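Structure file work.cif; described as mmCIF, C-alpha atoms.
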```
data_start
loop_
_atom_site.group_PDB
_atom_site.id
_atom_site.type_symbol
_atom_site.label_atom_id
_atom_site.label_comp_id
_atom_site.auth_asym_id
_atom_site.auth_seq_id
_atom_site.Cartn_x
_atom_site.Cartn_y
_atom_site.Cartn_z
ATOM 1 C CA MET U 1296 -26.650 -48.490 -9.118
ATOM 2 C CA ILE U 1297 -25.682 -45.474 -7.027
ATOM 3 C CA LEU U 1298 -22.085 -45.127 -5.926
ATOM 4 C CA THR U 1299 -21.281 -43.181 -2.798
ATOM 5 C CA TYR U 1300 -17.913 -41.640 -2.101
ATOM 6 C CA VAL U 1301 -17.057 -39.559 0.929
ATOM 7 C CA ARG U 1302 -13.830 -37.710 1.740
ATOM 8 C CA ASN U 1303 -13.067 -35.820 4.920
ATOM 9 C CA LYS U 1304 -9.724 -34.193 5.641
ATOM 10 C CA HIS U 1305 -8.748 -32.696 8.931
ATOM 11 C CA VAL U 1306 -5.537 -30.700 9.245
ATOM 12 C CA TYR U 1307 -4.231 -28.708 12.195
ATOM 13 C CA ALA U 1308 -1.060 -27.516 13.895
ATOM 14 C CA THR U 1309 -0.260 -27.056 17.545
ATOM 15 C CA GLU U 1310 1.269 -23.947 19.042
ATOM 16 C CA PRO U 1311 5.068 -24.123 18.940
ATOM 17 C CA GLU U 1312 6.689 -25.584 22.036
ATOM 18 C CA ASN U 1313 10.433 -26.070 22.606
ATOM 19 C CA ASN U 1314 11.066 -24.759 19.064
ATOM 20 C CA LEU U 1315 8.911 -27.552 17.626
ATOM 21 C CA LEU U 1316 5.628 -27.292 15.787
ATOM 22 C CA LEU U 1317 3.439 -30.385 15.375
ATOM 23 C CA ALA U 1318 1.204 -30.680 12.320
ATOM 24 C CA TYR U 1319 -1.421 -33.363 11.802
ATOM 25 C CA ALA U 1320 -3.352 -34.419 8.714
ATOM 26 C CA THR U 1321 -6.049 -37.068 8.644
ATOM 27 C CA SER U 1322 -7.854 -38.335 5.575
ATOM 28 C CA GLU U 1323 -10.969 -40.419 5.996
ATOM 29 C CA GLU U 1324 -12.394 -41.616 2.710
ATOM 30 C CA THR U 1325 -14.667 -44.410 1.584
ATOM 31 C CA PHE U 1326 -11.724 -46.559 0.479
ATOM 32 C CA PHE U 1327 -8.751 -44.896 2.170
ATOM 33 C CA SER U 1328 -8.033 -43.831 5.728
ATOM 34 C CA ALA U 1329 -4.734 -42.499 7.069
ATOM 35 C CA ARG U 1330 -3.098 -40.084 9.488
ATOM 36 C CA VAL U 1331 0.256 -38.318 9.319
ATOM 37 C CA GLU U 1332 2.013 -36.380 12.075
ATOM 38 C CA VAL U 1333 4.897 -34.101 11.160
ATOM 39 C CA THR U 1334 7.224 -32.433 13.675
ATOM 40 C CA VAL U 1335 8.859 -29.260 12.357
ATOM 41 C CA LYS U 1336 11.902 -27.680 13.998
ATOM 42 C CA LEU U 1337 11.761 -23.907 14.266
ATOM 43 C CA PRO U 1338 12.965 -21.459 13.080
ATOM 44 C CA ASP U 1339 14.571 -23.331 10.166
ATOM 45 C CA LEU U 1340 11.347 -25.245 9.288
ATOM 46 C CA GLU U 1341 13.108 -28.613 9.097
ATOM 47 C CA LEU U 1342 11.036 -31.801 9.155
ATOM 48 C CA VAL U 1343 12.524 -33.706 12.101
ATOM 49 C CA GLU U 1344 9.963 -36.473 12.611
ATOM 50 C CA ILE U 1345 7.201 -37.981 10.501
ATOM 51 C CA LEU U 1346 4.822 -40.633 11.770
ATOM 52 C CA GLY U 1347 1.993 -42.163 9.843
ATOM 53 C CA LYS U 1348 -0.580 -44.864 9.932
ATOM 54 C CA ILE U 1349 -2.738 -46.295 7.187
ATOM 55 C CA LYS U 1350 -5.981 -47.745 8.486
ATOM 56 C CA ARG U 1351 -7.469 -48.643 5.121
ATOM 57 C CA SER U 1352 -6.224 -48.562 1.540
ATOM 58 C CA PRO U 1353 -7.097 -50.415 -1.659
ATOM 59 C CA PHE U 1354 -3.466 -50.046 -2.765
ATOM 60 C CA THR U 1355 -1.002 -52.664 -1.516
ATOM 61 C CA ARG U 1356 1.947 -50.275 -1.739
ATOM 62 C CA CYS U 1357 0.132 -47.776 0.492
ATOM 63 C CA GLN U 1358 -0.635 -50.409 3.097
ATOM 64 C CA GLU U 1359 3.114 -50.907 3.556
ATOM 65 C CA ALA U 1360 4.229 -47.323 2.886
ATOM 66 C CA ALA U 1361 4.500 -45.988 6.435
ATOM 67 C CA SER U 1362 8.099 -47.219 6.330
ATOM 68 C CA VAL U 1363 8.955 -44.687 3.572
ATOM 69 C CA LEU U 1364 7.874 -41.652 5.621
ATOM 70 C CA PRO U 1365 11.321 -41.165 7.226
ATOM 71 C CA ARG U 1366 12.717 -40.441 3.752
ATOM 72 C CA ALA U 1367 11.330 -36.907 4.080
ATOM 73 C CA ILE U 1368 13.026 -36.239 7.425
ATOM 74 C CA GLY U 1369 15.597 -33.496 7.070
ATOM 75 C CA LEU U 1370 13.747 -31.625 4.334
ATOM 76 C CA ARG U 1371 13.097 -27.939 4.916
ATOM 77 C CA ILE U 1372 9.847 -26.232 4.083
ATOM 78 C CA GLY U 1373 10.618 -23.988 1.144
ATOM 79 C CA PRO U 1374 11.007 -24.011 -2.632
ATOM 80 C CA GLY U 1375 11.016 -27.488 -4.154
ATOM 81 C CA ILE U 1376 9.425 -29.240 -1.162
ATOM 82 C CA ILE U 1377 6.414 -30.460 -3.176
ATOM 83 C CA LYS U 1378 8.530 -32.258 -5.759
ATOM 84 C CA LEU U 1379 10.857 -33.692 -3.112
ATOM 85 C CA VAL U 1380 8.021 -35.102 -1.013
ATOM 86 C CA HIS U 1381 6.322 -36.622 -4.056
ATOM 87 C CA ASN U 1382 9.597 -38.214 -5.197
ATOM 88 C CA LEU U 1383 10.631 -39.509 -1.752
ATOM 89 C CA VAL U 1384 7.297 -40.612 -0.294
ATOM 90 C CA GLY U 1385 4.924 -40.860 -3.235
ATOM 91 C CA GLY U 1386 7.322 -42.477 -5.690
ATOM 92 C CA THR U 1387 7.177 -45.949 -7.176
ATOM 93 C CA LYS U 1388 7.742 -47.652 -3.816
ATOM 94 C CA GLY U 1389 5.720 -45.145 -1.841
ATOM 95 C CA CYS U 1390 2.179 -43.890 -1.514
ATOM 96 C CA PRO U 1391 0.937 -40.706 -3.228
ATOM 97 C CA GLN U 1392 -1.844 -40.348 -0.654
ATOM 98 C CA LEU U 1393 0.711 -40.246 2.195
ATOM 99 C CA ALA U 1394 2.800 -37.727 0.257
ATOM 100 C CA ASN U 1395 -0.303 -35.553 -0.074
ATOM 101 C CA LEU U 1396 -0.954 -35.776 3.682
ATOM 102 C CA ILE U 1397 2.615 -34.627 4.374
ATOM 103 C CA LEU U 1398 2.033 -31.700 2.012
ATOM 104 C CA GLU U 1399 -1.189 -30.886 3.867
ATOM 105 C CA CYS U 1400 0.872 -30.736 7.067
ATOM 106 C CA ILE U 1401 3.369 -28.436 5.357
ATOM 107 C CA ASP U 1402 0.530 -26.182 4.198
ATOM 108 C CA VAL U 1403 -0.845 -25.900 7.742
ATOM 109 C CA VAL U 1404 2.628 -24.957 9.009
ATOM 110 C CA ILE U 1405 2.824 -22.190 6.399
ATOM 111 C CA LEU U 1406 -0.693 -21.016 7.255
ATOM 112 C CA HIS U 1407 0.226 -21.020 10.933
ATOM 113 C CA PHE U 1408 2.764 -18.290 10.220
ATOM 114 C CA THR U 1409 0.808 -16.315 7.613
ATOM 115 C CA THR U 1410 -2.650 -16.114 9.184
ATOM 116 C CA GLU U 1411 -1.838 -13.548 11.875
ATOM 117 C CA PRO U 1412 -0.090 -11.072 9.512
ATOM 118 C CA LEU U 1413 -3.093 -11.292 7.184
ATOM 119 C CA ARG U 1414 -5.438 -10.534 10.083
ATOM 120 C CA GLU U 1415 -3.394 -7.424 10.852
ATOM 121 C CA ILE U 1416 -3.576 -6.330 7.216
ATOM 122 C CA LEU U 1417 -7.367 -6.660 7.261
ATOM 123 C CA LYS U 1418 -7.517 -4.119 10.095
ATOM 124 C CA LYS U 1419 -6.170 -1.483 7.693
ATOM 125 C CA GLU U 1420 -8.211 0.289 5.033
ATOM 126 C CA GLY U 1421 -7.808 1.717 1.558
ATOM 127 C CA GLU U 1422 -4.348 2.492 0.235
ATOM 128 C CA GLU U 1423 -2.746 1.575 3.572
ATOM 129 C CA GLN U 1424 -4.153 -1.958 3.245
ATOM 130 C CA ILE U 1425 -2.919 -2.320 -0.357
ATOM 131 C CA ILE U 1426 0.581 -1.226 0.669
ATOM 132 C CA ALA U 1427 0.522 -3.704 3.555
ATOM 133 C CA TYR U 1428 -0.499 -6.531 1.182
ATOM 134 C CA GLN U 1429 2.291 -5.591 -1.201
ATOM 135 C CA GLU U 1430 4.865 -5.675 1.605
ATOM 136 C CA PHE U 1431 3.450 -9.007 2.775
ATOM 137 C CA LEU U 1432 3.885 -10.425 -0.757
ATOM 138 C CA ARG U 1433 7.464 -9.178 -0.905
ATOM 139 C CA GLN U 1434 8.157 -11.073 2.309
ATOM 140 C CA ASN U 1435 6.255 -14.170 1.086
ATOM 141 C CA PRO U 1436 6.972 -14.464 -2.652
ATOM 142 C CA ARG U 1437 5.605 -18.035 -2.835
ATOM 143 C CA LEU U 1438 2.115 -16.509 -2.465
ATOM 144 C CA PHE U 1439 2.462 -14.506 -5.684
ATOM 145 C CA ASN U 1440 -0.013 -15.891 -8.248
ATOM 146 C CA SER U 1441 -1.312 -18.438 -5.698
ATOM 147 C CA CYS U 1442 -4.876 -17.087 -5.794
ATOM 148 C CA VAL U 1443 -7.027 -14.485 -7.534
ATOM 149 C CA ALA U 1444 -6.141 -11.796 -4.974
ATOM 150 C CA PHE U 1445 -2.414 -12.300 -5.608
ATOM 151 C CA ALA U 1446 -2.677 -12.819 -9.395
ATOM 152 C CA PRO U 1447 -0.283 -10.821 -11.596
ATOM 153 C CA ASP U 1448 -3.030 -8.423 -12.757
ATOM 154 C CA SER U 1449 -4.406 -7.753 -9.261
ATOM 155 C CA PRO U 1450 -4.036 -4.265 -7.755
ATOM 156 C CA LEU U 1451 -2.506 -5.955 -4.695
ATOM 157 C CA THR U 1452 0.448 -7.173 -6.778
ATOM 158 C CA LYS U 1453 1.125 -3.948 -8.642
ATOM 159 C CA GLY U 1454 4.897 -3.501 -8.753
ATOM 160 C CA ILE U 1455 5.505 -6.817 -6.968
ATOM 161 C CA LYS U 1456 6.334 -9.025 -9.978
ATOM 162 C CA GLU U 1457 9.347 -6.889 -10.775
ATOM 163 C CA ASP U 1458 10.599 -7.196 -7.178
ATOM 164 C CA LEU U 1459 10.412 -11.004 -7.069
#
```
Could I get this structure in the form of structure tokens?
Amino acid sequence: MILTYVRNKHVYATEPENNLLLAYATSEETFFSARVEVTVKLPDLELVEILGKIKRSPFTRCQEAASVLPRAIGLRIGPGIIKLVHNLVGGTKGCPQLANLILECIDVVILHFTTEPLREILKKEGEEQIIAYQEFLRQNPRLFNSCVAFAPDSPLTKGIKEDL
């Protein structure tokens, strides 16, 4: 017997309008299908509205979990957000898959604000580019040790660990 499993995720954010940024995450899997929409107030990055819909889930608690999404309203994107979302939305009366979709929305919000500075850094060369990366890491300490390029032993992070 051959088992087939498919997972597609689609995540995107709109351009900010009226100091609000909308982020969407959709997960379409063989056994699970859901969509989450998160509205983020700028500039303080506060979650002001969360809507969600589960189309298909093998888990009973997930089928009824859209009602727990408002628990995350009022949170601010920053340190500790992952644990808070998992505890509030993915906890014993929640749905871990919905919590993960909220975190996908949070990631796309962060990427929305970090992509353009990284593009500008890539226009530089040599030592000027390394210095620009180091300044970028000082301004975005959560990226330190988040990938190989920003690992503690990378030339891009030289002198950064001590600053953080």
Legend entry - Near-range 1388-1394 of chain U list (10 Å; all atoms listed in the file; drop same-chain fewer than 4 positions) as number ranges by chain: U: 1320-1322, 1327-1331, 1347-1349, 1352, 1354-1364, 1367, 1377-1384, 1398-1400
Inset, instruction - Figure out the distance between CA of Ile1397 in chain U and CA of Leu1316 in chain U, please, to one decimal in Å. - result: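 Pair CA of Leu1316 in chain U / CA of Ile1397 in chain U returns 13.9 Å.
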Legend entry - Selection: 8 Å around Val1335 in chain U, all atoms listed in the file, excl. self and same-chain fewer than 3 positions, as a ChimeraX atom specification: /U:1315-1318,1340-1344
Legend entry - Residues within 6 Å of Ile1425 in chain U, all atoms listed in the file, excluding chain neighbours under 3 positions, as a ChimeraX atom specification: /U:1422,1428,1451
Inset, instruction - Within 12 Å of (7.9, -18.2, -4.8) (coordinates as in the file), grab all the protein and nucleic acid residues, counting all atoms listed in the file, and write them out as a count of residues only. - result: 19
Legend entry - Atom-to-atom span, CA of Asp1339 in chain U and CA of Asn1314 in chain U, Å: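 That distance, rounded to one decimal, is 9.7 Å.
Pairwise distance (CA of Pro1365 in chain U, CA of Thr1325 in chain U) equals 26.8 Å.
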Legend entry - Spatial sel., origin (-0.9, -24.2, 8.7), limit 12 Å, only C-alpha atoms, listed as a PyMOL selection string: chain U and resi 1305-1311+1316-1320+1333+1335+1372+1397-1411
Legend entry - Selected residue, from U:Thr1452, U:Asn1313, U:Thr1387, U:Asn1303, that lies nearest to Ala1427 in chain U when counting all atoms listed in the file: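 Using all atoms listed in the file, the shortest distance to Ala1427 in chain U belongs to U:Thr1452.
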